[in-house]
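Asks: Next comes input.cif, mmCIF, C-alpha atoms:
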```cif
data_final
#
loop_
_atom_site.group_PDB
_atom_site.id
_atom_site.type_symbol
_atom_site.label_atom_id
_atom_site.label_comp_id
_atom_site.auth_asym_id
_atom_site.auth_seq_id
_atom_site.Cartn_x
_atom_site.Cartn_y
_atom_site.Cartn_z
ATOM 1 C CA MET A 1 -95.072 70.910 -23.907
ATOM 2 C CA ALA A 2 -95.191 74.364 -22.287
ATOM 3 C CA LEU A 3 -95.571 74.695 -18.523
ATOM 4 C CA ASN A 4 -99.074 76.207 -18.857
ATOM 5 C CA SER A 5 -100.137 73.323 -21.072
ATOM 6 C CA ARG A 6 -98.841 70.794 -18.536
ATOM 7 C CA CYS A 7 -100.711 72.635 -15.766
ATOM 8 C CA ASN A 8 -103.931 72.579 -17.795
ATOM 9 C CA VAL A 9 -103.560 68.857 -18.478
ATOM 10 C CA VAL A 10 -102.950 68.157 -14.785
ATOM 11 C CA PHE A 11 -105.901 70.376 -13.741
ATOM 12 C CA PHE A 12 -108.385 68.679 -16.033
ATOM 13 C CA PHE A 13 -107.066 65.213 -15.152
ATOM 14 C CA VAL A 14 -107.573 65.933 -11.467
ATOM 15 C CA PHE A 15 -110.961 67.594 -12.075
ATOM 16 C CA PHE A 16 -112.413 64.751 -14.093
ATOM 17 C CA SER A 17 -110.916 62.167 -11.729
ATOM 18 C CA LEU A 18 -112.685 63.881 -8.830
ATOM 19 C CA LEU A 19 -115.878 64.092 -10.903
ATOM 20 C CA ALA A 20 -115.710 60.362 -11.578
ATOM 21 C CA ILE A 21 -115.191 59.656 -7.859
ATOM 22 C CA ALA A 22 -118.154 61.886 -6.944
ATOM 23 C CA SER A 23 -120.324 60.172 -9.534
ATOM 24 C CA SER A 24 -119.447 56.750 -8.146
ATOM 25 C CA GLN A 25 -120.479 57.848 -4.653
ATOM 26 C CA LEU A 26 -123.937 58.927 -5.800
ATOM 27 C CA SER A 27 -126.623 56.386 -6.577
ATOM 28 C CA SER A 28 -130.157 56.764 -7.934
ATOM 29 C CA ASP A 29 -131.407 54.192 -5.391
ATOM 30 C CA PHE A 30 -129.576 55.681 -2.404
ATOM 31 C CA TYR A 31 -132.834 56.032 -0.412
ATOM 32 C CA ALA A 32 -134.457 52.794 -1.586
ATOM 33 C CA THR A 33 -134.198 51.243 1.870
ATOM 34 C CA SER A 34 -133.671 54.183 4.225
ATOM 35 C CA CYS A 35 -136.511 56.329 2.860
ATOM 36 C CA PRO A 36 -138.421 54.526 0.098
ATOM 37 C CA THR A 37 -141.032 57.307 -0.234
ATOM 38 C CA ALA A 38 -138.468 60.077 -0.739
ATOM 39 C CA LEU A 39 -138.723 60.407 -4.527
ATOM 40 C CA SER A 40 -142.501 60.103 -4.680
ATOM 41 C CA THR A 41 -142.857 62.702 -1.912
ATOM 42 C CA ILE A 42 -140.685 65.201 -3.773
ATOM 43 C CA LYS A 43 -142.402 64.525 -7.088
ATOM 44 C CA SER A 44 -145.872 65.002 -5.608
ATOM 45 C CA ALA A 45 -144.943 68.251 -3.862
ATOM 46 C CA VAL A 46 -143.324 69.684 -6.995
ATOM 47 C CA LYS A 47 -146.285 68.695 -9.139
ATOM 48 C CA THR A 48 -148.651 70.419 -6.716
ATOM 49 C CA ALA A 49 -146.527 73.565 -6.529
ATOM 50 C CA VAL A 50 -146.177 73.836 -10.316
ATOM 51 C CA SER A 51 -149.882 73.223 -10.865
ATOM 52 C CA LYS A 52 -150.621 76.165 -8.559
ATOM 53 C CA GLU A 53 -148.063 78.422 -10.259
ATOM 54 C CA ARG A 54 -146.303 77.360 -13.466
ATOM 55 C CA ARG A 55 -143.460 79.803 -12.806
ATOM 56 C CA MET A 56 -142.512 77.774 -9.736
ATOM 57 C CA GLY A 57 -141.071 75.074 -11.997
ATOM 58 C CA ALA A 58 -138.531 77.551 -13.335
ATOM 59 C CA SER A 59 -137.831 78.827 -9.825
ATOM 60 C CA LEU A 60 -137.028 75.371 -8.453
ATOM 61 C CA LEU A 61 -134.814 74.595 -11.439
ATOM 62 C CA ARG A 62 -132.973 77.882 -10.902
ATOM 63 C CA LEU A 63 -132.436 77.077 -7.209
ATOM 64 C CA HIS A 64 -130.553 73.943 -8.207
ATOM 65 C CA PHE A 65 -128.514 75.841 -10.817
ATOM 66 C CA HIS A 66 -127.497 78.471 -8.281
ATOM 67 C CA ASP A 67 -126.739 75.839 -5.636
ATOM 68 C CA CYS A 68 -124.382 74.074 -7.998
ATOM 69 C CA PHE A 69 -121.437 74.582 -8.717
ATOM 70 C CA GLY A 70 -121.182 72.687 -5.440
ATOM 71 C CA CYS A 71 -124.599 71.086 -5.106
ATOM 72 C CA ASP A 72 -124.460 71.187 -1.320
ATOM 73 C CA ALA A 73 -127.608 73.167 -0.405
ATOM 74 C CA SER A 74 -125.514 76.189 0.541
ATOM 75 C CA VAL A 75 -127.970 78.419 -1.337
ATOM 76 C CA LEU A 76 -130.713 77.548 1.161
ATOM 77 C CA LEU A 77 -128.876 78.742 4.283
ATOM 78 C CA ASP A 78 -129.963 81.948 5.985
ATOM 79 C CA ASP A 79 -127.309 84.388 7.205
ATOM 80 C CA THR A 80 -125.797 83.770 10.630
ATOM 81 C CA SER A 81 -123.405 85.622 12.906
ATOM 82 C CA SER A 82 -120.516 83.604 11.435
ATOM 83 C CA PHE A 83 -121.222 83.932 7.707
ATOM 84 C CA THR A 84 -123.183 85.915 5.138
ATOM 85 C CA GLY A 85 -124.948 83.416 2.925
ATOM 86 C CA GLU A 86 -125.715 83.265 -0.776
ATOM 87 C CA LYS A 87 -129.255 84.632 -0.663
ATOM 88 C CA SER A 88 -127.946 88.205 -0.601
ATOM 89 C CA ALA A 89 -125.534 87.736 -3.537
ATOM 90 C CA ALA A 90 -126.267 90.029 -6.481
ATOM 91 C CA ALA A 91 -127.572 87.192 -8.656
ATOM 92 C CA ASN A 92 -129.875 85.919 -5.897
ATOM 93 C CA VAL A 93 -131.175 88.795 -3.773
ATOM 94 C CA ASN A 94 -134.907 89.438 -4.204
ATOM 95 C CA SER A 95 -134.725 86.995 -7.093
ATOM 96 C CA LEU A 96 -134.414 83.377 -5.978
ATOM 97 C CA ARG A 97 -137.699 81.839 -4.897
ATOM 98 C CA GLY A 98 -139.197 78.450 -4.094
ATOM 99 C CA PHE A 99 -137.660 78.189 -0.627
ATOM 100 C CA ASP A 100 -141.087 77.543 0.869
ATOM 101 C CA VAL A 101 -141.627 74.583 -1.461
ATOM 102 C CA ILE A 102 -138.298 73.088 -0.385
ATOM 103 C CA ASP A 103 -139.254 73.699 3.272
ATOM 104 C CA ASP A 104 -142.534 71.849 2.733
ATOM 105 C CA ILE A 105 -140.799 68.890 1.111
ATOM 106 C CA LYS A 106 -138.203 68.754 3.868
ATOM 107 C CA SER A 107 -140.915 68.837 6.543
ATOM 108 C CA GLN A 108 -142.726 65.913 4.929
ATOM 109 C CA LEU A 109 -139.527 63.893 4.627
ATOM 110 C CA GLU A 110 -138.468 64.618 8.203
ATOM 111 C CA SER A 111 -141.816 63.254 9.360
ATOM 112 C CA ALA A 112 -141.447 60.121 7.238
ATOM 113 C CA CYS A 113 -137.695 59.537 7.529
ATOM 114 C CA PRO A 114 -136.043 61.787 10.126
ATOM 115 C CA GLY A 115 -132.460 62.802 9.401
ATOM 116 C CA ILE A 116 -132.145 60.800 6.188
ATOM 117 C CA VAL A 117 -132.745 62.905 3.056
ATOM 118 C CA SER A 118 -130.429 65.841 2.451
ATOM 119 C CA CYS A 119 -131.554 69.264 1.319
ATOM 120 C CA ALA A 120 -129.019 69.057 -1.521
ATOM 121 C CA ASP A 121 -130.700 65.923 -2.858
ATOM 122 C CA ILE A 122 -134.125 67.552 -2.526
ATOM 123 C CA LEU A 123 -132.921 70.421 -4.719
ATOM 124 C CA ALA A 124 -131.499 68.056 -7.338
ATOM 125 C CA VAL A 125 -134.640 65.923 -7.560
ATOM 126 C CA ALA A 126 -136.993 68.918 -7.445
ATOM 127 C CA ALA A 127 -135.158 70.449 -10.414
ATOM 128 C CA ARG A 128 -135.625 67.269 -12.461
ATOM 129 C CA ASP A 129 -139.275 66.929 -11.454
ATOM 130 C CA SER A 130 -139.909 70.598 -12.298
ATOM 131 C CA VAL A 131 -138.619 70.133 -15.833
ATOM 132 C CA VAL A 132 -140.852 67.077 -16.232
ATOM 133 C CA ALA A 133 -143.867 68.946 -14.814
ATOM 134 C CA LEU A 134 -143.310 71.653 -17.448
ATOM 135 C CA GLY A 135 -143.253 69.108 -20.275
ATOM 136 C CA GLY A 136 -139.512 68.509 -20.539
ATOM 137 C CA SER A 137 -137.347 65.412 -20.390
ATOM 138 C CA SER A 138 -136.372 63.359 -17.364
ATOM 139 C CA TRP A 139 -133.022 61.998 -16.211
ATOM 140 C CA SER A 140 -131.684 59.756 -13.488
ATOM 141 C CA VAL A 141 -130.584 61.781 -10.457
ATOM 142 C CA GLY A 142 -127.675 60.414 -8.479
ATOM 143 C CA LEU A 143 -128.393 60.666 -4.751
ATOM 144 C CA GLY A 144 -126.368 60.640 -1.571
ATOM 145 C CA ARG A 145 -125.278 64.273 -1.344
ATOM 146 C CA ARG A 146 -124.887 65.807 2.080
ATOM 147 C CA ASP A 147 -125.460 69.395 3.184
ATOM 148 C CA THR A 148 -122.738 71.935 3.817
ATOM 149 C CA THR A 149 -122.483 73.739 7.143
ATOM 150 C CA THR A 150 -121.527 77.106 5.679
ATOM 151 C CA ALA A 151 -122.182 79.425 2.741
ATOM 152 C CA SER A 152 -120.436 82.328 1.060
ATOM 153 C CA LYS A 153 -121.976 85.391 -0.538
ATOM 154 C CA ASP A 154 -118.652 86.175 -2.190
ATOM 155 C CA ALA A 155 -118.339 82.706 -3.715
ATOM 156 C CA ALA A 156 -121.861 82.901 -5.124
ATOM 157 C CA THR A 157 -121.151 86.330 -6.568
ATOM 158 C CA THR A 158 -118.029 85.012 -8.273
ATOM 159 C CA ASP A 159 -119.396 81.673 -9.503
ATOM 160 C CA ILE A 160 -122.765 82.612 -10.990
ATOM 161 C CA PRO A 161 -122.358 83.961 -14.551
ATOM 162 C CA SER A 162 -123.665 87.498 -15.117
ATOM 163 C CA PRO A 163 -126.424 88.091 -17.703
ATOM 164 C CA GLN A 164 -124.152 90.799 -19.151
ATOM 165 C CA LEU A 165 -121.349 88.411 -20.172
ATOM 166 C CA ASP A 166 -120.132 88.163 -23.754
ATOM 167 C CA LEU A 167 -119.723 84.770 -25.414
ATOM 168 C CA SER A 168 -116.022 84.405 -24.640
ATOM 169 C CA ASP A 169 -116.624 85.118 -20.963
ATOM 170 C CA LEU A 170 -119.526 82.656 -20.838
ATOM 171 C CA ILE A 171 -117.333 79.966 -22.335
ATOM 172 C CA THR A 172 -114.629 80.723 -19.779
ATOM 173 C CA ALA A 173 -117.036 80.786 -16.820
ATOM 174 C CA PHE A 174 -118.431 77.361 -17.657
ATOM 175 C CA SER A 175 -115.056 75.957 -18.658
ATOM 176 C CA ASN A 176 -113.730 76.907 -15.229
ATOM 177 C CA LYS A 177 -116.262 74.447 -13.821
ATOM 178 C CA GLY A 178 -115.370 71.717 -16.296
ATOM 179 C CA PHE A 179 -118.162 72.272 -18.818
ATOM 180 C CA THR A 180 -117.654 72.235 -22.564
ATOM 181 C CA THR A 181 -118.969 75.012 -24.757
ATOM 182 C CA LYS A 182 -121.689 72.674 -26.017
ATOM 183 C CA GLU A 183 -122.763 71.968 -22.430
ATOM 184 C CA MET A 184 -122.817 75.700 -21.703
ATOM 185 C CA VAL A 185 -125.177 76.242 -24.639
ATOM 186 C CA VAL A 186 -127.541 73.428 -23.716
ATOM 187 C CA LEU A 187 -127.673 74.410 -20.024
ATOM 188 C CA SER A 188 -128.556 77.950 -21.111
ATOM 189 C CA GLY A 189 -131.656 76.338 -22.595
ATOM 190 C CA ALA A 190 -133.078 76.315 -19.060
ATOM 191 C CA HIS A 191 -134.094 79.871 -19.978
ATOM 192 C CA THR A 192 -136.885 78.358 -22.013
ATOM 193 C CA THR A 193 -138.924 78.981 -18.879
ATOM 194 C CA GLY A 194 -138.873 81.617 -16.156
ATOM 195 C CA GLN A 195 -138.713 85.389 -16.025
ATOM 196 C CA ALA A 196 -136.113 88.137 -15.601
ATOM 197 C CA LYS A 197 -136.182 91.590 -14.070
ATOM 198 C CA CYS A 198 -136.062 94.705 -16.232
ATOM 199 C CA GLN A 199 -132.783 95.838 -14.659
ATOM 200 C CA PHE A 200 -131.017 92.809 -16.178
ATOM 201 C CA PHE A 201 -132.135 93.323 -19.785
ATOM 202 C CA ARG A 202 -132.796 97.071 -20.100
ATOM 203 C CA GLY A 203 -129.450 97.651 -21.795
ATOM 204 C CA ARG A 204 -130.199 95.012 -24.394
ATOM 205 C CA ILE A 205 -133.656 96.180 -25.438
ATOM 206 C CA TYR A 206 -132.671 99.855 -25.650
ATOM 207 C CA ASN A 207 -129.071 99.768 -26.857
ATOM 208 C CA GLU A 208 -128.319 96.598 -28.819
ATOM 209 C CA SER A 209 -128.728 96.158 -32.565
ATOM 210 C CA ASN A 210 -128.917 92.354 -32.845
ATOM 211 C CA ILE A 211 -132.510 92.320 -31.621
ATOM 212 C CA ASP A 212 -135.833 91.991 -33.406
ATOM 213 C CA SER A 213 -137.325 95.501 -33.486
ATOM 214 C CA ASP A 214 -140.881 94.383 -32.720
ATOM 215 C CA PHE A 215 -139.654 92.281 -29.813
ATOM 216 C CA ALA A 216 -137.636 95.206 -28.451
ATOM 217 C CA THR A 217 -140.579 97.588 -28.696
ATOM 218 C CA SER A 218 -142.963 95.139 -27.066
ATOM 219 C CA THR A 219 -140.565 94.432 -24.194
ATOM 220 C CA GLN A 220 -139.889 98.141 -23.649
ATOM 221 C CA SER A 221 -143.574 98.612 -22.821
ATOM 222 C CA ASN A 222 -142.983 96.747 -19.563
ATOM 223 C CA CYS A 223 -139.422 97.953 -18.978
ATOM 224 C CA PRO A 224 -139.093 101.762 -19.078
ATOM 225 C CA SER A 225 -135.678 103.236 -19.788
ATOM 226 C CA THR A 226 -135.383 104.835 -16.350
ATOM 227 C CA ASP A 227 -137.784 102.993 -14.032
ATOM 228 C CA GLY A 228 -139.391 99.654 -13.266
ATOM 229 C CA ASP A 229 -136.238 97.720 -12.355
ATOM 230 C CA SER A 230 -138.259 94.881 -10.832
ATOM 231 C CA ASN A 231 -140.761 94.537 -13.685
ATOM 232 C CA LEU A 232 -140.718 90.992 -15.040
ATOM 233 C CA SER A 233 -140.621 89.724 -18.614
ATOM 234 C CA PRO A 234 -140.518 86.093 -19.810
ATOM 235 C CA LEU A 235 -137.145 84.699 -20.812
ATOM 236 C CA ASP A 236 -138.953 82.791 -23.557
ATOM 237 C CA VAL A 237 -141.407 85.110 -25.288
ATOM 238 C CA THR A 238 -143.312 82.309 -27.034
ATOM 239 C CA THR A 239 -143.927 79.358 -24.668
ATOM 240 C CA ASN A 240 -142.710 80.566 -21.295
ATOM 241 C CA VAL A 241 -144.590 78.010 -19.178
ATOM 242 C CA LEU A 242 -143.354 75.027 -21.185
ATOM 243 C CA PHE A 243 -139.956 73.380 -21.133
ATOM 244 C CA ASP A 244 -139.229 73.096 -24.851
ATOM 245 C CA ASN A 245 -136.727 74.252 -27.473
ATOM 246 C CA ALA A 246 -138.475 77.565 -28.222
ATOM 247 C CA TYR A 247 -135.672 79.431 -26.420
ATOM 248 C CA PHE A 248 -133.289 78.491 -29.212
ATOM 249 C CA LYS A 249 -135.808 79.396 -31.909
ATOM 250 C CA ASN A 250 -136.087 82.801 -30.266
ATOM 251 C CA LEU A 251 -132.319 83.277 -30.392
ATOM 252 C CA VAL A 252 -132.272 82.504 -34.126
ATOM 253 C CA ASN A 253 -134.980 85.159 -34.524
ATOM 254 C CA LYS A 254 -133.006 87.669 -32.414
ATOM 255 C CA LYS A 255 -135.511 87.502 -29.574
ATOM 256 C CA GLY A 256 -133.183 86.575 -26.726
ATOM 257 C CA LEU A 257 -134.139 88.603 -23.644
ATOM 258 C CA LEU A 258 -130.745 88.765 -21.920
ATOM 259 C CA HIS A 259 -127.523 89.945 -23.501
ATOM 260 C CA SER A 260 -125.881 86.656 -22.480
ATOM 261 C CA ASP A 261 -128.687 84.708 -24.164
ATOM 262 C CA GLN A 262 -128.380 86.386 -27.548
ATOM 263 C CA GLN A 263 -124.590 86.048 -27.392
ATOM 264 C CA LEU A 264 -125.111 82.348 -28.097
ATOM 265 C CA PHE A 265 -126.413 83.273 -31.563
ATOM 266 C CA SER A 266 -124.621 86.360 -32.694
ATOM 267 C CA GLY A 267 -122.190 85.310 -35.399
ATOM 268 C CA GLY A 268 -119.943 83.352 -33.048
ATOM 269 C CA SER A 269 -118.778 79.787 -32.520
ATOM 270 C CA THR A 270 -122.011 78.614 -30.870
ATOM 271 C CA ASP A 271 -124.403 79.610 -33.679
ATOM 272 C CA SER A 272 -124.448 76.114 -35.170
ATOM 273 C CA GLN A 273 -125.288 74.477 -31.821
ATOM 274 C CA VAL A 274 -128.156 76.902 -31.268
ATOM 275 C CA THR A 275 -129.444 76.130 -34.758
ATOM 276 C CA THR A 276 -129.321 72.397 -34.039
ATOM 277 C CA TYR A 277 -131.374 72.755 -30.871
ATOM 278 C CA SER A 278 -133.816 75.146 -32.557
ATOM 279 C CA THR A 279 -134.685 72.463 -35.096
ATOM 280 C CA SER A 280 -134.459 69.359 -32.909
ATOM 281 C CA SER A 281 -136.171 69.226 -29.546
ATOM 282 C CA SER A 282 -134.963 65.635 -29.108
ATOM 283 C CA ALA A 283 -131.328 66.733 -29.411
ATOM 284 C CA PHE A 284 -131.927 69.484 -26.861
ATOM 285 C CA TYR A 285 -133.680 67.170 -24.404
ATOM 286 C CA ALA A 286 -130.997 64.479 -24.630
ATOM 287 C CA ASP A 287 -128.067 66.871 -24.248
ATOM 288 C CA PHE A 288 -129.785 68.866 -21.488
ATOM 289 C CA SER A 289 -130.404 65.718 -19.468
ATOM 290 C CA SER A 290 -126.761 64.649 -19.800
ATOM 291 C CA ALA A 291 -125.506 68.103 -18.811
ATOM 292 C CA MET A 292 -127.806 68.203 -15.781
ATOM 293 C CA VAL A 293 -126.441 64.862 -14.574
ATOM 294 C CA LYS A 294 -122.923 66.262 -14.905
ATOM 295 C CA MET A 295 -123.842 69.463 -13.091
ATOM 296 C CA GLY A 296 -125.443 67.512 -10.263
ATOM 297 C CA ASN A 297 -122.172 65.654 -9.785
ATOM 298 C CA LEU A 298 -120.061 68.778 -9.285
ATOM 299 C CA SER A 299 -118.179 68.502 -5.991
ATOM 300 C CA PRO A 300 -120.944 67.054 -3.803
ATOM 301 C CA LEU A 301 -120.328 66.329 -0.144
ATOM 302 C CA THR A 302 -120.695 62.602 0.469
ATOM 303 C CA GLY A 303 -119.887 59.977 3.083
ATOM 304 C CA THR A 304 -119.293 61.636 6.437
ATOM 305 C CA SER A 305 -118.679 65.139 5.069
ATOM 306 C CA GLY A 306 -121.210 67.827 5.919
ATOM 307 C CA GLN A 307 -124.485 66.843 7.537
ATOM 308 C CA ILE A 308 -128.142 66.089 6.897
ATOM 309 C CA ARG A 309 -129.905 69.277 7.937
ATOM 310 C CA THR A 310 -133.173 69.052 9.834
ATOM 311 C CA ASN A 311 -134.156 72.504 8.608
ATOM 312 C CA CYS A 312 -132.783 73.399 5.155
ATOM 313 C CA ARG A 313 -132.365 77.059 6.166
ATOM 314 C CA LEU A 314 -130.239 76.328 9.232
ATOM 315 C CA VAL A 315 -127.168 74.351 10.175
ATOM 316 C CA ASN A 316 -128.041 71.681 12.760
#
```
If you took the structure in this file and wrote it as structure tokens, what would it be?

Replies:
Amino acid sequence: MALNSRCNVVFFFVFFSLLAIASSQLSSDFYATSCPTALSTIKSAVKTAVSKERRMGASLLRLHFHDCFGCDASVLLDDTSSFTGEKSAAANVNSLRGFDVIDDIKSQLESACPGIVSCADILAVAARDSVVALGGSSWSVGLGRRDTTTASKDAATTDIPSPQLDLSDLITAFSNKGFTTKEMVVLSGAHTTGQAKCQFFRGRIYNESNIDSDFATSTQSNCPSTDGDSNLSPLDVTTNVLFDNAYFKNLVNKKGLLHSDQQLFSGGSTDSQVTTYSTSSSAFYADFSSAMVKMGNLSPLTGTSGQIRTNCRLVN
């Protein structure tokens, strides 16, 4: 066996061993005694927020995505004199939203159970409850994460995949975090809801050939070739306020909004997986739930590591 192969074997053995340890430290009933109203409080607040604005469901789900790979509530921290946080990273600045909903949930939980429920766990549960509120599947969320005391703009910039990535780079980016190609495809299905800014898909709708011409023309009406960077368009052109498998149907019909989306169905190795999800919502729901559980278990702080923040935006 070559040295590189041995190194890869050792890396993945260590990674999955650590993942198994992290999973064993998280428990779905972690707050059953210490804060029995925690889950119902989060669920109620998310349901209210999504009923007021359907887009908020996508925003809360995205917060959790951008907090993981780490799942430690680092994405919620404001900048301080000692670090520049993740909110100003290219993938997040003037883009991430839902912080006020998390603040509201945290305030309610601090009143009911002071110093008990972490911001990282709030993000994880709110993501699950958002998917459910939008008509998607549920899953059991392991709890017991703790909050980090620092954040890194540079780390966020490096870790969050760009919407301009080709398929091979997407596979690599997710593989670097321990995800299979199949898991990368199913997690991309989160784009069945939410919106994107013109600046992130202008190149696709004006320059790419693997795009439905009517879809391109329609999208160009809200995304001029030289202006309107912040104009929004739905990631899922058909059922944007529902969590369903329409995203994959759109890809088959060459109606993916982002370059990275359409790369999943563009004559490459992931075409068959996209086709499966486009024809079977049950397969998508089941695999998405499993992948979300795995993502939520990526390198959480547990035990005595980190802290339980009183204010999710600030270190205690």

Asks: Taking the file above as input, evaluate the PyMOL selection byres ((chain A and resi 253) around 12) and report the hits as a PyMOL selection string.

Replies: chain A and resi 210-215+236-238+246-252+254-257+262+265-266+271+274-275+278

Asks: How would the residues just chosen look if you wrote them out with C-alpha atoms as a tab-separated table (two decimals), in the coordinates of the input?

Replies:
```
chain	number	residue	atom	x	y	z
A	210	ASN	CA	-128.92	92.35	-32.84
A	211	ILE	CA	-132.51	92.32	-31.62
A	212	ASP	CA	-135.83	91.99	-33.41
A	213	SER	CA	-137.32	95.50	-33.49
A	214	ASP	CA	-140.88	94.38	-32.72
A	215	PHE	CA	-139.65	92.28	-29.81
A	236	ASP	CA	-138.95	82.79	-23.56
A	237	VAL	CA	-141.41	85.11	-25.29
A	238	THR	CA	-143.31	82.31	-27.03
A	246	ALA	CA	-138.48	77.56	-28.22
A	247	TYR	CA	-135.67	79.43	-26.42
A	248	PHE	CA	-133.29	78.49	-29.21
A	249	LYS	CA	-135.81	79.40	-31.91
A	250	ASN	CA	-136.09	82.80	-30.27
A	251	LEU	CA	-132.32	83.28	-30.39
A	252	VAL	CA	-132.27	82.50	-34.13
A	254	LYS	CA	-133.01	87.67	-32.41
A	255	LYS	CA	-135.51	87.50	-29.57
A	256	GLY	CA	-133.18	86.58	-26.73
A	257	LEU	CA	-134.14	88.60	-23.64
A	262	GLN	CA	-128.38	86.39	-27.55
A	265	PHE	CA	-126.41	83.27	-31.56
A	266	SER	CA	-124.62	86.36	-32.69
A	271	ASP	CA	-124.40	79.61	-33.68
A	274	VAL	CA	-128.16	76.90	-31.27
A	275	THR	CA	-129.44	76.13	-34.76
A	278	SER	CA	-133.82	75.15	-32.56
```

Asks: On this file, the PyMOL selection byres ((chain A and resi 296-307) around 8) gives some set of residues; write that set as number ranges by chain.

Replies: A: 18-19, 22-23, 25-26, 68-72, 118, 124, 141-142, 144-149, 292-295, 308-309, 316

Asks: Could those residues be written to a file, using C-alpha atoms, as a CSV table (one decimal), in the coordinates of the input?

Replies:
```
chain,number,residue,atom,x,y,z
A,18,LEU,CA,-112.7,63.9,-8.8
A,19,LEU,CA,-115.9,64.1,-10.9
A,22,ALA,CA,-118.2,61.9,-6.9
A,23,SER,CA,-120.3,60.2,-9.5
A,25,GLN,CA,-120.5,57.8,-4.7
A,26,LEU,CA,-123.9,58.9,-5.8
A,68,CYS,CA,-124.4,74.1,-8.0
A,69,PHE,CA,-121.4,74.6,-8.7
A,70,GLY,CA,-121.2,72.7,-5.4
A,71,CYS,CA,-124.6,71.1,-5.1
A,72,ASP,CA,-124.5,71.2,-1.3
A,118,SER,CA,-130.4,65.8,2.5
A,124,ALA,CA,-131.5,68.1,-7.3
A,141,VAL,CA,-130.6,61.8,-10.5
A,142,GLY,CA,-127.7,60.4,-8.5
A,144,GLY,CA,-126.4,60.6,-1.6
A,145,ARG,CA,-125.3,64.3,-1.3
A,146,ARG,CA,-124.9,65.8,2.1
A,147,ASP,CA,-125.5,69.4,3.2
A,148,THR,CA,-122.7,71.9,3.8
A,149,THR,CA,-122.5,73.7,7.1
A,292,MET,CA,-127.8,68.2,-15.8
A,293,VAL,CA,-126.4,64.9,-14.6
A,294,LYS,CA,-122.9,66.3,-14.9
A,295,MET,CA,-123.8,69.5,-13.1
A,308,ILE,CA,-128.1,66.1,6.9
A,309,ARG,CA,-129.9,69.3,7.9
A,316,ASN,CA,-128.0,71.7,12.8
```

Asks: Quick one, how far is atom CA of A:Asp166 from atom CA of A:Asn92?

Replies: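 According to the coordinates, atom CA of A:Asp166 and atom CA of A:Asn92 are separated by 20.5 Å.
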
Asks: Kindly give the distance, in Å, that separates atom CA of A:Leu314 and atom CA of A:Asp78, rounded to a single decimal.

Replies: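 Value for the atom CA of A:Leu314-atom CA of A:Asp78 distance: 6.5 Å.
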
Asks: When you look at A:Ser95 with a cut-off of 10 Å (counting only C-alpha atoms), what residues show up, excluding the ones that are within fewer than 3 positions of it in the same chain? I need them as a PyMOL selection string.

Replies: chain A and resi 59+87-92+195-197+230

Asks: I need the residue set behind the PyMOL selection byres ((chain A and resi 107-111) around 10) for this file; please write it as a CSV table (one decimal) with C-alpha atoms, keeping the file's coordinate frame.

Replies:
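In the end it all went to part15.csv:
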```
chain,number,residue,atom,x,y,z
A,35,CYS,CA,-136.5,56.3,2.9
A,37,THR,CA,-141.0,57.3,-0.2
A,38,ALA,CA,-138.5,60.1,-0.7
A,39,LEU,CA,-138.7,60.4,-4.5
A,41,THR,CA,-142.9,62.7,-1.9
A,42,ILE,CA,-140.7,65.2,-3.8
A,45,ALA,CA,-144.9,68.3,-3.9
A,101,VAL,CA,-141.6,74.6,-1.5
A,102,ILE,CA,-138.3,73.1,-0.4
A,103,ASP,CA,-139.3,73.7,3.3
A,104,ASP,CA,-142.5,71.8,2.7
A,105,ILE,CA,-140.8,68.9,1.1
A,106,LYS,CA,-138.2,68.8,3.9
A,112,ALA,CA,-141.4,60.1,7.2
A,113,CYS,CA,-137.7,59.5,7.5
A,114,PRO,CA,-136.0,61.8,10.1
A,115,GLY,CA,-132.5,62.8,9.4
A,116,ILE,CA,-132.1,60.8,6.2
A,117,VAL,CA,-132.7,62.9,3.1
A,118,SER,CA,-130.4,65.8,2.5
A,122,ILE,CA,-134.1,67.6,-2.5
A,309,ARG,CA,-129.9,69.3,7.9
A,310,THR,CA,-133.2,69.1,9.8
A,311,ASN,CA,-134.2,72.5,8.6
A,312,CYS,CA,-132.8,73.4,5.2
```

Asks: With all atoms listed in the file counted, which protein, DNA or RNA residues have an atom no more than 10 Å from (-133.0, 89.5, -16.2) in the file frame? Please answer as number ranges by chain.

Replies: A: 91, 95, 162-164, 194-202, 229-235, 257-260

Asks: Convert the current residue selection to file output with C-alpha atoms, as a CSV table (one decimal), in the frame of the given file.

Replies:
```
chain,number,residue,atom,x,y,z
A,91,ALA,CA,-127.6,87.2,-8.7
A,95,SER,CA,-134.7,87.0,-7.1
A,162,SER,CA,-123.7,87.5,-15.1
A,163,PRO,CA,-126.4,88.1,-17.7
A,164,GLN,CA,-124.2,90.8,-19.2
A,194,GLY,CA,-138.9,81.6,-16.2
A,195,GLN,CA,-138.7,85.4,-16.0
A,196,ALA,CA,-136.1,88.1,-15.6
A,197,LYS,CA,-136.2,91.6,-14.1
A,198,CYS,CA,-136.1,94.7,-16.2
A,199,GLN,CA,-132.8,95.8,-14.7
A,200,PHE,CA,-131.0,92.8,-16.2
A,201,PHE,CA,-132.1,93.3,-19.8
A,202,ARG,CA,-132.8,97.1,-20.1
A,229,ASP,CA,-136.2,97.7,-12.4
A,230,SER,CA,-138.3,94.9,-10.8
A,231,ASN,CA,-140.8,94.5,-13.7
A,232,LEU,CA,-140.7,91.0,-15.0
A,233,SER,CA,-140.6,89.7,-18.6
A,234,PRO,CA,-140.5,86.1,-19.8
A,235,LEU,CA,-137.1,84.7,-20.8
A,257,LEU,CA,-134.1,88.6,-23.6
A,258,LEU,CA,-130.7,88.8,-21.9
A,259,HIS,CA,-127.5,89.9,-23.5
A,260,SER,CA,-125.9,86.7,-22.5
```
